[in-house]
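Student: Input: one structure, supplied below.
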Amino acid sequence: MASSLRRKQAPAAATARASARRGPAGLWNSLPVLPRHLLAALAALALVAVLTSVTDGLTALRVANVGYYLLAVAGLQLLVGFSGQISLGNGAFMFIGAYTTALMVLYTPMAPLAVVMLAAVAAGCLAGMLVGAATARLHGPYLAGATLALAVGLPAVALRFPDLLGGSNGLFFSLRGAPPALSGLVSDSQWKALVVWFVVLLALVVLATTSRGRLGRRMRAIRDDEAAAATAGIPVGRTKVVAFVISAGCGSLAGACQAYLLGTATPSSFTLALSLSLLAALVLGGLGSLWGALWGALALVYLELAGEELAHAMGLGSNVANNAPVVFFGVILIVIVMAWPLGVQGALSRLGRSLRGR
Amino acid sequence: MRKPTAALAGALALALLATSCSGAGQTEGGGVGDLDVSTGVTDDTVVIGTHQPLTGPASAGYLSISQGATAMFDYINAQGGVHGRRIDYRVQDDVYDPTQTIEVTQELVMGEEIFAMLGGLGTPTHSKVVDYLNEEGVPDVFVSSGALMWNNPEEYPLTYGYQVDYTKEAKILGQYVAENFPDAKVGYFYQNDDVGTDSQAGLDQYLADMVVSDQRYEATAPEAVATQIAALKEDGADLVVCACIPSFTALGVLNAAGQDYHPQWVVSSIGSDVPTLKNLLREFGESDELPVEAMLNGMITSGYLPATNMEDDPWTRFYQEVHEEYGAEGELTNTTIYGMVQATMFARALKAAGPEPTRQGLVDALESMEWNGPGVVPFASSADDHGGYAGALINQYVAEGDEEGLEELQGPMVTDREGGDITEGAFDRATPEEYDFHD
Amino acid sequence: MNHFIDLTLNGIANGAIYAALGLSLVIIYQATRVVNFAQPALALIAVYLAYAVYLATGSYWTGFAVALASGTLMGVLAERLLIRPVHGRSPLSAIIVTLGLLLALQGAAGMVWGNGDYSFPYPMDFRGRFSPAGAFGLGAVAVVTLLLFALYRFTPLGLRMRAAALHPESARLSGVRVGLMLTAGWGIASAIGALAGMLAAPPFLSPNALDAVFVYGIAAAVLGGLESPFGAVAGGLLLGVGLSYVSGYAGPELTTLAALAILVVVLSVRPDGLFTRPVARKV
């Protein structure tokens with residue numbers, strides 16, 4: 001697969017160079033990476049703002065859900081898609097972010113949101129460093145097994161310290177909504193969706209810029225051939241740990257966004273099913289590209305709804321209807337992975353190439 | 001690469017600071033939404049909703065609650081509904097995951113525009129939407145949980161409890177055990193969450209000196225029950241008080257039977273649904289040596305609702321008929337009745353809210369209601385007490401030969417959740433025929 | 001002291017179940033280099049079929065046979081229809097396909113049989129300190145392990161299976177039908193998975209009944225080393241007993257956390273599990 005990825009990228013780079021000589025696309029491509037990413041993020045934020053302002057609160061909630069799932073899946077993309085380490089446990093980092101947020105909101109209500117979110121990122125990075133260091137020597141399925149145990153084991157911490165972490169009932173709290181000055185203009189849920197997307201997009205800019213840079217190249221080198229990368233002088237162990245740290249930071253920030261949005265942190269939200277869904281969404285969306293994370297996040301939020309709608313429309317019996325969404329998700333997963341090895345993004349870019357080719 | 005990343009991190013921090021200058025956790029208490037509305041009410045229907053675990057690990061024990069409520073509403077609708085309106089009861093699956101509870105609740109409130117929430121299930125789940133429902137002005141009626149927090153009219157004026165709270169119930173059980181088994185060596189077997197801790201708070205008021213063993217189980221670790229029961233046996237407990245969900249009562253009873261350990265079982269209402277327990281234990285009672293009835297025989301339970309084994313109770317008979325005509329497959333269990341009673345009481349409150357119901361009308365109806373059934377203990381939904389069932393009676397499951405039934409050991413008693421006395425709670429109970437939830 | 005013995009015996013009984021599932025994962029990993037996440041779902045369907053047969057015929061052992069047979073069949077079908085097409089792609093493709101199968105089958109079980117609990121019998125009398133049912137579980141795992149050992153060591157089929165897994169190209173050249181061998185591996189593994197399901201399901205069967213066993217089964221396989229059937233058995237028993245002590249002495253809420261701790265400690269010392277012989281790996 002790795003080699004097919006490289007095959008895919010080479011012509012893409014060539015077309016980019018070719019288009020640099022043409023019109024507005026050329027101007028866009030001549031910009032340095034960072035401003036380009038920032039402009040794209042700004043455009044995306046504007047899109048979210050328009051989308052949430054013309055729809056109701058429920059859509060705003062779902063748009064925000066897509067936002068934090070996007071960040072969690074993008075973090076996983078960096079780890080799995082770029083550095084080639086398979087993690088089945090990134091839900092555990094969301095757990096850390098959500099509980100960091102909950103504790104800060106409950107015990108230091110004066111702390112601004114930015115501080116809360118940065119604390120969540122810091123907690124996540126720390127956890128990522130520990131996990132990354134502990135698992136740096138593990139390969140393939142052993143890493144998968146260890147991270148799976150992490151996803152199942154870590155939420156039990158909340159059960160161990162019920163007084164601080166609320167036990168199995170978890171913690172709940174209310175958060176500031178829209179600032180008073182804007183209270184007539186945007187509803188709380190619209191405001192929260194905007195804040196979530198703002199945070200998510202900023203983090204994505206960091207991710208996208210990082211993955212274009214030296215670190216990204218090192219990760220891909222390790223993914224494609226670890227031994228060769230080591231021979232070429234790339235610090236394999238450290239790069240792997242760094243990938244874990246960034247991925248965990250993203251997961252934790254996603255968890256913080258979820259806690260900010262929903263005002264809750266509960267162990268039963270951070271199940272193995274969540275961690276596995278993140279990985280499934282990643283592969284479904286497409287490995288190796290941050291766009292894949294977007295399609296994956298959309299699938300996480302909307303496929304289940306589609307399954308419900310479908311079951312409802314077909315007027316199925318209750319046992320069948322109740323279980324239809326999960327079966328639907330499972331079948332779609334199998335079909336997409338078998339039909340499009342590179343996921344939705346792979347299929348889209350192939351489509352794009354064949355259209356341009358004509 | 002290093003520099004732009006550092007600059008970005010700085011930008012991230014600054015931008016975030018700009019988005020919110022004041023503390024994230026500082027909120028003004030949310031007011032209650034406008035109640036003089038009839039959202040969800042049309043000329044011929046009233047839409048209400050609930051969140052329940054229909055899939056996932058928690059679903060096994062709770063599926064039949066919404067099935068029971070659905071059957072009851074089907075019955076009421078077939079009788080012409082309430083004031084000519086049929087009740088459209090929408091059940092949303094939250095998989096017992098609070099993040100999904102929040103989403104489906106918003107879907108019910110904003111998407112399906114429900115008039116009221118009925119019997120949202122679970123403490124970890126429902127506690128996350130109480131604020132929201134109150135702020136949106138959606139009556140949050142008869143929460144399906146025995147946690148203490150639902151009875152807080154000042155903070156949650158629209159939330160009404162249903163199930164007797166775990167502490168009240170445990171006090172009544174504790175007192176009964178202390179008075180009737182003064183020499184017992186008591187063992188606790190309870191769930192490692194608020195079901196356990198709230199129950200223990202009540203039990204300890206009467207039994208603290210008699211406890212010889214204290215075992216908690218984790219709902220995700222059924223494989224450990226065998227050794228927990230062995231520890232109770234080892235510690236010499238001859239009376240085990242169980243604050244468990246039904247599958248763990250069944251596991252406890254089964255493992256005790258397996259270890260030739262025969263304590264007096266005392267089980268609070270959430271885990272003592274006899275038909276459910278018999279169903280769970282069916283395969284292990286096939287042999288003549290160890291019939292299911294013998295495993296459960298003598299179990300002392302607390303209860304506040306009509307139960308399947310109360311054959312003479314008019315409400316039990318009534319629910320049996322409704323179940324046979326409108327219910328889901330399988331026999332009637334007390335978990336089903338739990339949902340049926342919720343539906344019955346909601347229909348009655350809706351009826352009392354008048355022919356043109358508003359949310360305020362429903363609240364007024366609830367707060368002025370003199371409840372006289374279907375439960376077997378008094379029910380509180382007054383302006384300053386949203387506690388729901390206020391106490392419990394105590395029964396014993398007795399099985400001899402082919403006969404089985406519940407024997408009443410102690411009539412209805414009521415109490416508070418603090419250190420207050422336990423007093424008699426007798427009241428005149430109406431029959432289904434007198435109950436005017438339909439025209 | 002009594003408590004300690006109880007914990008040990010219960011740990012062994014549970015460990016045997018983790019070992020059985022771990023064993024089935026190892027066989028599949030050896031054959032196709034895939035960690036089969038769908039294994040518990042295949043086992044679940046097999047157990048439900050056994051339950052249906054048991055209800056219809058009244059015979060537990062007929063149901064047991066049906067479970068093993070249907071488990072084998074489902075394993076064969078899964079390999080042929082779902083895994084073969086993604087063979088040779090990234091290991092993630094196969095993982096995701098098995099994950100999709102897990103979701104679909106678990107949901108399907110709920111669709112057909114509902115999400116409620118069914119009372120599900122033990123193979124033998126469950127009563128006693130170390131009950132006949134517990135002994136049966138341990139014995140079954142021991143027998144299966146010995147059979148596997150004999151299969152791989154002494155029979156031509158086992159030899160071909162090993163050759164197909166380790167050196168597919170040279171095996172093909174010497175006339176081994178590699179594809180058939182891989183399918184055989186999946187069939188055998190899924191039969192063992194179904195056995196694990198039959199041991200794990202009692203006393204209550206529901207679509208989520210095997211969730212915890214699944215996690216510990218994977219942990220057992222990784223702990224022992226994915227290359228070693230003996231390792232999976234040892235890993236399962238070790239995990240069962242270890243978790244039983246943690247649950248009994250420190251609290252039942254800590255079991256999953258303890259599984260994590262055991263795994264991290266063992267893998268940090270031996271990254272390829274306890275019983276995988278360290279070999280110079282070709283990257």
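FYI, nothing fancy with the structure tokens labels: chains A, B, ... in order, residues from 1 per chain, ligands from 1 as they appear.
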Would you return as number ranges by chain the members of range 63-187 of chain C that DSSP assigns to alpha helix (DSSP H) on this structure's backbone?

Tutor: C: 63-77, 91-113, 132-154, 156-166, 168-173, 178-187

Student: Find the residues of chain C in contact range of chain B, meaning any atom within 6 Å when counting only C-alpha atoms, and list them as a PyMOL selection string.

Tutor: chain C and resi 115-117+119+121+127-128+208+252-253

Student: At a cut-off of 7 Å, using only C-alpha atoms, what residues contact Gly225 in chain C? Leave out same-chain residues fewer than 4 positions from it and give the result as a PyMOL selection string.

Tutor: chain C and resi 221+231-232+272-276

Student: Residues at most 8 Å from Ala20 in chain C, counting only C-alpha atoms, excluding those fewer than 5 positions away in the same chain, as a list in words?

Tutor: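 After dropping sequence-adjacent residues, the list is Val141, Ile192, Gly193, Leu195, Ala196, Gly217, Val233 and Gly236 of chain C.
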
Student: Within 7 Å of range 151-159 of chain B, counting only C-alpha atoms, which residues show up once you throw out same-chain ones fewer than 3 positions away? Write them as an MDAnalysis selection string, please.

Tutor: chainID B and resid 134 139:141 148 384:387

Student: Do you know which residues are at most 7 Å from Ala46 in chain C counting only C-alpha atoms, after dropping those on the same chain fewer than 6 positions away, and could you put them as a list in words?

Tutor: Ala67, Ser70, Gly71 and Ala194 of chain C

Student: Pick out the residues sitting within 10 Å of range 226-237 of chain A, and hand them over as a CSV table (one decimal) with C-alpha atoms, in the first residue's frame; count only C-alpha atoms, and ignore anything fewer than 5 positions along from it in its own chain.

Tutor:
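Final output, out-v4.csv:
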chain,number,residue,atom,x,y,z
A,83,SER,CA,3.7,7.2,10.7
A,84,GLY,CA,2.3,3.8,10.2
A,132,GLY,CA,4.4,6.4,22.9
A,133,ALA,CA,7.4,5.7,25.0
A,135,THR,CA,5.0,1.2,23.1
A,136,ALA,CA,7.8,2.5,20.9
A,137,ARG,CA,9.3,-1.0,20.6
A,215,LEU,CA,8.6,15.7,10.6
A,218,ARG,CA,10.4,11.5,8.4
A,219,MET,CA,7.2,9.8,9.5
A,220,ARG,CA,6.4,8.7,6.0
A,221,ALA,CA,9.9,7.4,5.6
A,242,VAL,CA,6.4,12.5,18.5
C,282,LYS,CA,13.0,-9.0,7.9
C,283,VAL,CA,11.3,-5.6,7.5

Student: Where does chain A meet chain B within 7 Å, residue by residue, with the nearest atom pair and distance in Å to one decimal for each, counting only C-alpha atoms, listed by chain and rising number, as a tab-separated table?

Tutor:
residue	atom	partner	partner_atom	distance
A:Leu58	CA	B:Glu107	CA	6.4
A:Val105	CA	B:Gly25	CA	4.7
A:Leu106	CA	B:Gly25	CA	6.8
A:Pro109	CA	B:Gly25	CA	4.1
A:Met110	CA	B:Gly23	CA	4.0
A:Ala111	CA	B:Gly23	CA	4.6
A:Pro112	CA	B:Gly23	CA	4.1
A:Leu113	CA	B:Ala24	CA	4.8
A:Ala114	CA	B:Leu16	CA	4.6
A:Gly167	CA	B:Asp193	CA	6.5
A:Ser168	CA	B:Asp193	CA	6.1
A:Asn169	CA	B:Pro124	CA	4.1
A:Gly170	CA	B:Pro124	CA	6.5
A:Phe172	CA	B:Lys128	CA	6.3
A:Ser174	CA	B:Gly25	CA	6.6
A:Leu175	CA	B:Gly25	CA	5.0
A:Arg176	CA	B:Thr27	CA	5.3
A:Leu202	CA	B:Leu12	CA	6.4
A:Val206	CA	B:Leu8	CA	6.6
A:Gly213	CA	B:Met1	CA	5.9
A:Arg214	CA	B:Met1	CA	6.5
A:Leu262	CA	B:Thr99	CA	7.0
A:Thr264	CA	B:Lys128	CA	6.6
A:Thr266	CA	B:Pro98	CA	7.0
A:Ser268	CA	B:Asp97	CA	5.7
A:Ser269	CA	B:Asp97	CA	5.2
A:Asn322	CA	B:Leu54	CA	6.3
A:Asn323	CA	B:Thr55	CA	6.7

Student: Output N, CA and C atoms for every residue in that selection, as a PDB file, in the first residue's frame.

Tutor:
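This went into part-v1.pdb:
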ATOM      1  N   LEU A  58     -30.214  21.828  16.165  1.00  0.00           N
ATOM      2  CA  LEU A  58     -29.844  20.423  16.075  1.00  0.00           C
ATOM      3  C   LEU A  58     -28.753  20.214  15.026  1.00  0.00           C
ATOM      4  N   VAL A 105     -13.252  23.105  34.554  1.00  0.00           N
ATOM      5  CA  VAL A 105     -14.475  23.911  34.609  1.00  0.00           C
ATOM      6  C   VAL A 105     -15.089  23.845  36.009  1.00  0.00           C
ATOM      7  N   LEU A 106     -15.005  22.658  36.618  1.00  0.00           N
ATOM      8  CA  LEU A 106     -15.623  22.516  37.932  1.00  0.00           C
ATOM      9  C   LEU A 106     -14.795  23.162  39.038  1.00  0.00           C
ATOM     10  N   PRO A 109     -13.471  27.578  37.740  1.00  0.00           N
ATOM     11  CA  PRO A 109     -14.434  28.137  36.781  1.00  0.00           C
ATOM     12  C   PRO A 109     -13.972  29.468  36.189  1.00  0.00           C
ATOM     13  N   MET A 110     -12.977  30.123  36.849  1.00  0.00           N
ATOM     14  CA  MET A 110     -12.520  31.412  36.334  1.00  0.00           C
ATOM     15  C   MET A 110     -11.639  31.258  35.093  1.00  0.00           C
ATOM     16  N   ALA A 111     -11.087  30.064  34.892  1.00  0.00           N
ATOM     17  CA  ALA A 111     -10.137  29.883  33.792  1.00  0.00           C
ATOM     18  C   ALA A 111     -10.837  30.084  32.456  1.00  0.00           C
ATOM     19  N   PRO A 112     -10.249  30.898  31.582  1.00  0.00           N
ATOM     20  CA  PRO A 112     -10.862  31.091  30.261  1.00  0.00           C
ATOM     21  C   PRO A 112     -10.811  29.795  29.455  1.00  0.00           C
ATOM     22  N   LEU A 113     -11.689  29.727  28.480  1.00  0.00           N
ATOM     23  CA  LEU A 113     -11.778  28.528  27.665  1.00  0.00           C
ATOM     24  C   LEU A 113     -10.435  28.168  27.032  1.00  0.00           C
ATOM     25  N   ALA A 114      -9.710  29.218  26.601  1.00  0.00           N
ATOM     26  CA  ALA A 114      -8.434  28.945  25.939  1.00  0.00           C
ATOM     27  C   ALA A 114      -7.495  28.200  26.862  1.00  0.00           C
ATOM     28  N   GLY A 167     -17.243   8.699  39.344  1.00  0.00           N
ATOM     29  CA  GLY A 167     -17.605   7.300  39.147  1.00  0.00           C
ATOM     30  C   GLY A 167     -18.277   7.066  37.812  1.00  0.00           C
ATOM     31  N   SER A 168     -19.162   6.078  37.781  1.00  0.00           N
ATOM     32  CA  SER A 168     -19.757   5.723  36.488  1.00  0.00           C
ATOM     33  C   SER A 168     -20.785   6.754  36.040  1.00  0.00           C
ATOM     34  N   ASN A 169     -21.230   7.627  36.934  1.00  0.00           N
ATOM     35  CA  ASN A 169     -22.154   8.677  36.499  1.00  0.00           C
ATOM     36  C   ASN A 169     -21.432   9.847  35.853  1.00  0.00           C
ATOM     37  N   GLY A 170     -20.131   9.903  36.034  1.00  0.00           N
ATOM     38  CA  GLY A 170     -19.353  10.940  35.382  1.00  0.00           C
ATOM     39  C   GLY A 170     -19.583  12.318  35.974  1.00  0.00           C
ATOM     40  N   PHE A 172     -20.804  16.400  35.269  1.00  0.00           N
ATOM     41  CA  PHE A 172     -21.507  17.284  34.352  1.00  0.00           C
ATOM     42  C   PHE A 172     -21.471  18.704  34.870  1.00  0.00           C
ATOM     43  N   SER A 174     -22.102  23.142  33.445  1.00  0.00           N
ATOM     44  CA  SER A 174     -22.574  23.977  32.348  1.00  0.00           C
ATOM     45  C   SER A 174     -21.496  24.978  31.968  1.00  0.00           C
ATOM     46  N   LEU A 175     -21.498  25.310  30.719  1.00  0.00           N
ATOM     47  CA  LEU A 175     -20.452  26.180  30.192  1.00  0.00           C
ATOM     48  C   LEU A 175     -21.082  27.419  29.601  1.00  0.00           C
ATOM     49  N   ARG A 176     -20.279  28.469  29.588  1.00  0.00           N
ATOM     50  CA  ARG A 176     -20.724  29.711  28.972  1.00  0.00           C
ATOM     51  C   ARG A 176     -21.098  29.500  27.522  1.00  0.00           C
ATOM     52  N   LEU A 202      -7.896  25.448  13.695  1.00  0.00           N
ATOM     53  CA  LEU A 202      -6.542  25.872  14.082  1.00  0.00           C
ATOM     54  C   LEU A 202      -5.634  24.665  14.255  1.00  0.00           C
ATOM     55  N   VAL A 206      -2.169  23.364  12.128  1.00  0.00           N
ATOM     56  CA  VAL A 206      -0.910  22.876  12.699  1.00  0.00           C
ATOM     57  C   VAL A 206      -0.587  21.501  12.130  1.00  0.00           C
ATOM     58  N   GLY A 213       5.944  19.237   6.542  1.00  0.00           N
ATOM     59  CA  GLY A 213       7.310  19.612   6.856  1.00  0.00           C
ATOM     60  C   GLY A 213       8.243  18.422   7.049  1.00  0.00           C
ATOM     61  N   ARG A 214       9.373  18.687   7.707  1.00  0.00           N
ATOM     62  CA  ARG A 214      10.386  17.664   7.862  1.00  0.00           C
ATOM     63  C   ARG A 214       9.852  16.479   8.661  1.00  0.00           C
ATOM     64  N   LEU A 262     -20.954  19.489  25.044  1.00  0.00           N
ATOM     65  CA  LEU A 262     -22.034  18.735  25.671  1.00  0.00           C
ATOM     66  C   LEU A 262     -22.106  18.927  27.181  1.00  0.00           C
ATOM     67  N   THR A 264     -20.388  17.385  29.529  1.00  0.00           N
ATOM     68  CA  THR A 264     -20.336  16.136  30.260  1.00  0.00           C
ATOM     69  C   THR A 264     -19.044  15.383  29.990  1.00  0.00           C
ATOM     70  N   THR A 266     -18.179  11.313  30.908  1.00  0.00           N
ATOM     71  CA  THR A 266     -18.679  10.096  31.541  1.00  0.00           C
ATOM     72  C   THR A 266     -17.921   8.900  30.977  1.00  0.00           C
ATOM     73  N   SER A 268     -18.782   5.936  30.329  1.00  0.00           N
ATOM     74  CA  SER A 268     -19.474   5.090  29.353  1.00  0.00           C
ATOM     75  C   SER A 268     -19.524   5.720  27.961  1.00  0.00           C
ATOM     76  N   SER A 269     -19.039   6.966  27.820  1.00  0.00           N
ATOM     77  CA  SER A 269     -18.948   7.552  26.477  1.00  0.00           C
ATOM     78  C   SER A 269     -17.663   7.134  25.778  1.00  0.00           C
ATOM     79  N   ASN A 322     -33.955  -1.345  15.690  1.00  0.00           N
ATOM     80  CA  ASN A 322     -32.998  -0.903  16.697  1.00  0.00           C
ATOM     81  C   ASN A 322     -31.568  -1.196  16.271  1.00  0.00           C
ATOM     82  N   ASN A 323     -31.373  -2.345  15.656  1.00  0.00           N
ATOM     83  CA  ASN A 323     -30.012  -2.764  15.324  1.00  0.00           C
ATOM     84  C   ASN A 323     -29.592  -2.364  13.917  1.00  0.00           C
TER      85      ASN A 323
END

Student: As an exercise, work out the distance from CA of Asp211 in chain C to CA of Pro40 in chain C in Å and give it to one decimal place.

Tutor: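 Pair CA of Asp211 in chain C / CA of Pro40 in chain C returns 7.6 Å.
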
Student: Could you check the closest approach to chain C for each of A:Ser30, A:Asn65, A:Gln77, A:Asn319 and tell me which residue wins, using only C-alpha atoms?

Tutor: A:Asn319

Student: I need the residue nearest chain A from this list: C:Val53, C:Ala191, C:Val178, C:Ala94. Use only C-alpha atoms for the distance.

Tutor: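 Ranking C:Val53, C:Ala191, C:Val178, C:Ala94 by distance to chain A, first place goes to C:Ala94.
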
Student: Nearest to chain C: which of A:Ala119, A:Leu261, A:Leu51, A:Ile86 is it, counting only C-alpha atoms?

Tutor: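 Of the candidates, the smallest distance to chain C is held by A:Ile86.
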
Student: Using CA of Pro325 in chain A and CA of Gly307 in chain A as the two end points, give the distance in Å to one decimal.

Tutor: 4.2 Å
